[in-house]
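One structure is given here, and the rest of the page talks about it.
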Amino acid sequence: MPNEPIGEYWGTKVPAGVAGASIATRGHYCITVRDGLVIDAADVMCPMKYVNHSCSPNAFVQVVGDGFIYRAKTPIKCGSEITIDYAHSAETEADLLPCKCGSKFCRGYTARKEFIKAIMRYK
């Protein structure tokens with residue numbers, strides 16, 4: 001059902017400069033809660049850290065205090081992959097992560113449209 005809670009993204013709350021410092025993760029499994037605070041799930045068994053990106057996601061992230069709840073955006077059938085739109089910021093072309101989600105609405109990158117347009121304008 002839409003808006004139904006799926007799970008909580010949890011981990012160690014750390015300053016942004018410390019998050020993803022592990023060589024094994026290189027910043028993966030880190031989500032910014034607000035300026036200067038990151039939830040780093042690299043070293044915990046949080047199943048929500050394995051949710052992938054799609055430009056046409058079936059779930060979304062709701063900020064609750066200093067944490068995140070994943071909620072259904074559309075009805076999700078049993079056995080279906082749960083996806084969210086990463087829609088992250090990007091300052092340079094190196095920050096643009098390629099997207100191969102296969103959606104007819106695929107942006108080609110996981111960043112938000114306005115960042116993609118701004119970067120590609122100067123390419």
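Scheme for the structure tokens: letters A, B, ... for chains in order shown; per-chain residue numbers from 1; ligand numbers from 1 in order shown.
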
Running DSSP on the backbone, which parts of chain A land in strand (DSSP E), as a VMD selection string? chain A and resid 5 to 9 12 to 15 30 to 34 37 to 40 52 to 53 59 to 64 67 to 72 83 to 84

Just to be explicit: take each residue in the selection above, keep C-alpha atoms, and write the result as a PDB file, in the first residue's frame.
ATOM      1  CA  PRO A   5       6.428   1.814   6.180  1.00  0.00           C
ATOM      2  CA  ILE A   6       8.929  -0.681   4.764  1.00  0.00           C
ATOM      3  CA  GLY A   7      11.869  -0.279   7.119  1.00  0.00           C
ATOM      4  CA  GLU A   8      14.229   2.064   8.892  1.00  0.00           C
ATOM      5  CA  TYR A   9      17.685   3.056   7.666  1.00  0.00           C
ATOM      6  CA  THR A  12      26.205   4.902  13.347  1.00  0.00           C
ATOM      7  CA  LYS A  13      25.571   8.657  13.424  1.00  0.00           C
ATOM      8  CA  VAL A  14      28.862  10.349  12.649  1.00  0.00           C
ATOM      9  CA  PRO A  15      30.156  13.737  11.495  1.00  0.00           C
ATOM     10  CA  CYS A  30      26.183   6.604   4.098  1.00  0.00           C
ATOM     11  CA  ILE A  31      23.179   8.927   4.021  1.00  0.00           C
ATOM     12  CA  THR A  32      23.291  12.581   5.038  1.00  0.00           C
ATOM     13  CA  VAL A  33      20.651  13.456   7.616  1.00  0.00           C
ATOM     14  CA  ARG A  34      21.484  17.155   7.663  1.00  0.00           C
ATOM     15  CA  LEU A  37      25.540  14.546  10.263  1.00  0.00           C
ATOM     16  CA  VAL A  38      25.592  11.240   8.396  1.00  0.00           C
ATOM     17  CA  ILE A  39      24.170   7.800   9.122  1.00  0.00           C
ATOM     18  CA  ASP A  40      26.879   5.277   8.238  1.00  0.00           C
ATOM     19  CA  ASN A  52      18.975   0.321  -4.968  1.00  0.00           C
ATOM     20  CA  HIS A  53      18.288   3.388  -7.102  1.00  0.00           C
ATOM     21  CA  ALA A  59       9.534   3.611  -2.437  1.00  0.00           C
ATOM     22  CA  PHE A  60      10.656   6.905  -0.916  1.00  0.00           C
ATOM     23  CA  VAL A  61      12.603   8.061   2.126  1.00  0.00           C
ATOM     24  CA  GLN A  62      10.977  10.051   4.918  1.00  0.00           C
ATOM     25  CA  VAL A  63      13.227  11.964   7.310  1.00  0.00           C
ATOM     26  CA  VAL A  64      12.148  11.377  10.916  1.00  0.00           C
ATOM     27  CA  GLY A  67      16.840   9.064  10.923  1.00  0.00           C
ATOM     28  CA  PHE A  68      15.056   7.714   7.854  1.00  0.00           C
ATOM     29  CA  ILE A  69      11.993   5.556   7.280  1.00  0.00           C
ATOM     30  CA  TYR A  70      11.515   3.924   3.869  1.00  0.00           C
ATOM     31  CA  ARG A  71       7.873   3.993   2.725  1.00  0.00           C
ATOM     32  CA  ALA A  72       6.057   2.514  -0.262  1.00  0.00           C
ATOM     33  CA  THR A  83      14.001   0.966  -5.041  1.00  0.00           C
ATOM     34  CA  ILE A  84      14.331   4.653  -4.181  1.00  0.00           C
TER      35      ILE A  84
END

If you run DSSP on this backbone, which residues of chain A come out as alpha helix (DSSP H), and could you give them as an MDAnalysis selection string? chainID A and resid 113:121

Take the selection from the previous step and output its residues with N, CA, C and O atoms, as an mmCIF file, in the first residue's frame.
data_model
loop_
_atom_site.group_PDB
_atom_site.id
_atom_site.type_symbol
_atom_site.label_atom_id
_atom_site.label_comp_id
_atom_site.auth_asym_id
_atom_site.auth_seq_id
_atom_site.Cartn_x
_atom_site.Cartn_y
_atom_site.Cartn_z
ATOM 1 N N LYS A 113 18.010 16.096 -11.340
ATOM 2 C CA LYS A 113 18.035 16.690 -12.679
ATOM 3 C C LYS A 113 18.761 18.025 -12.730
ATOM 4 O O LYS A 113 19.527 18.281 -13.651
ATOM 5 N N GLU A 114 18.501 18.895 -11.752
ATOM 6 C CA GLU A 114 19.102 20.226 -11.816
ATOM 7 C C GLU A 114 20.625 20.183 -11.735
ATOM 8 O O GLU A 114 21.317 20.979 -12.356
ATOM 9 N N PHE A 115 21.179 19.202 -11.003
ATOM 10 C CA PHE A 115 22.636 19.068 -10.919
ATOM 11 C C PHE A 115 23.191 18.513 -12.230
ATOM 12 O O PHE A 115 24.236 18.956 -12.699
ATOM 13 N N ILE A 116 22.499 17.557 -12.811
ATOM 14 C CA ILE A 116 22.935 16.983 -14.087
ATOM 15 C C ILE A 116 22.973 18.074 -15.158
ATOM 16 O O ILE A 116 23.958 18.235 -15.883
ATOM 17 N N LYS A 117 21.903 18.859 -15.253
ATOM 18 C CA LYS A 117 21.814 19.934 -16.266
ATOM 19 C C LYS A 117 22.924 20.959 -16.058
ATOM 20 O O LYS A 117 23.562 21.395 -17.019
ATOM 21 N N ALA A 118 23.148 21.368 -14.813
ATOM 22 C CA ALA A 118 24.168 22.383 -14.537
ATOM 23 C C ALA A 118 25.562 21.897 -14.909
ATOM 24 O O ALA A 118 26.349 22.644 -15.491
ATOM 25 N N ILE A 119 25.877 20.655 -14.613
ATOM 26 C CA ILE A 119 27.196 20.108 -14.923
ATOM 27 C C ILE A 119 27.375 19.922 -16.416
ATOM 28 O O ILE A 119 28.416 20.268 -16.996
ATOM 29 N N MET A 120 26.366 19.402 -17.088
ATOM 30 C CA MET A 120 26.472 19.130 -18.522
ATOM 31 C C MET A 120 26.487 20.419 -19.348
ATOM 32 O O MET A 120 27.008 20.441 -20.454
ATOM 33 N N ARG A 121 25.958 21.487 -18.791
ATOM 34 C CA ARG A 121 25.955 22.775 -19.482
ATOM 35 C C ARG A 121 27.369 23.270 -19.759
ATOM 36 O O ARG A 121 27.653 23.921 -20.745
#

So the first atom is atom CA of Ile76 of chain A and the second is atom CA of Val44 of chain A; what is the distance between them in Å, to one decimal place? 25.7 Å

What does the structure give for the distance between atom CA of Ala94 of chain A and atom CA of Thr110 of chain A, in Å to one decimal? 12.3 Å
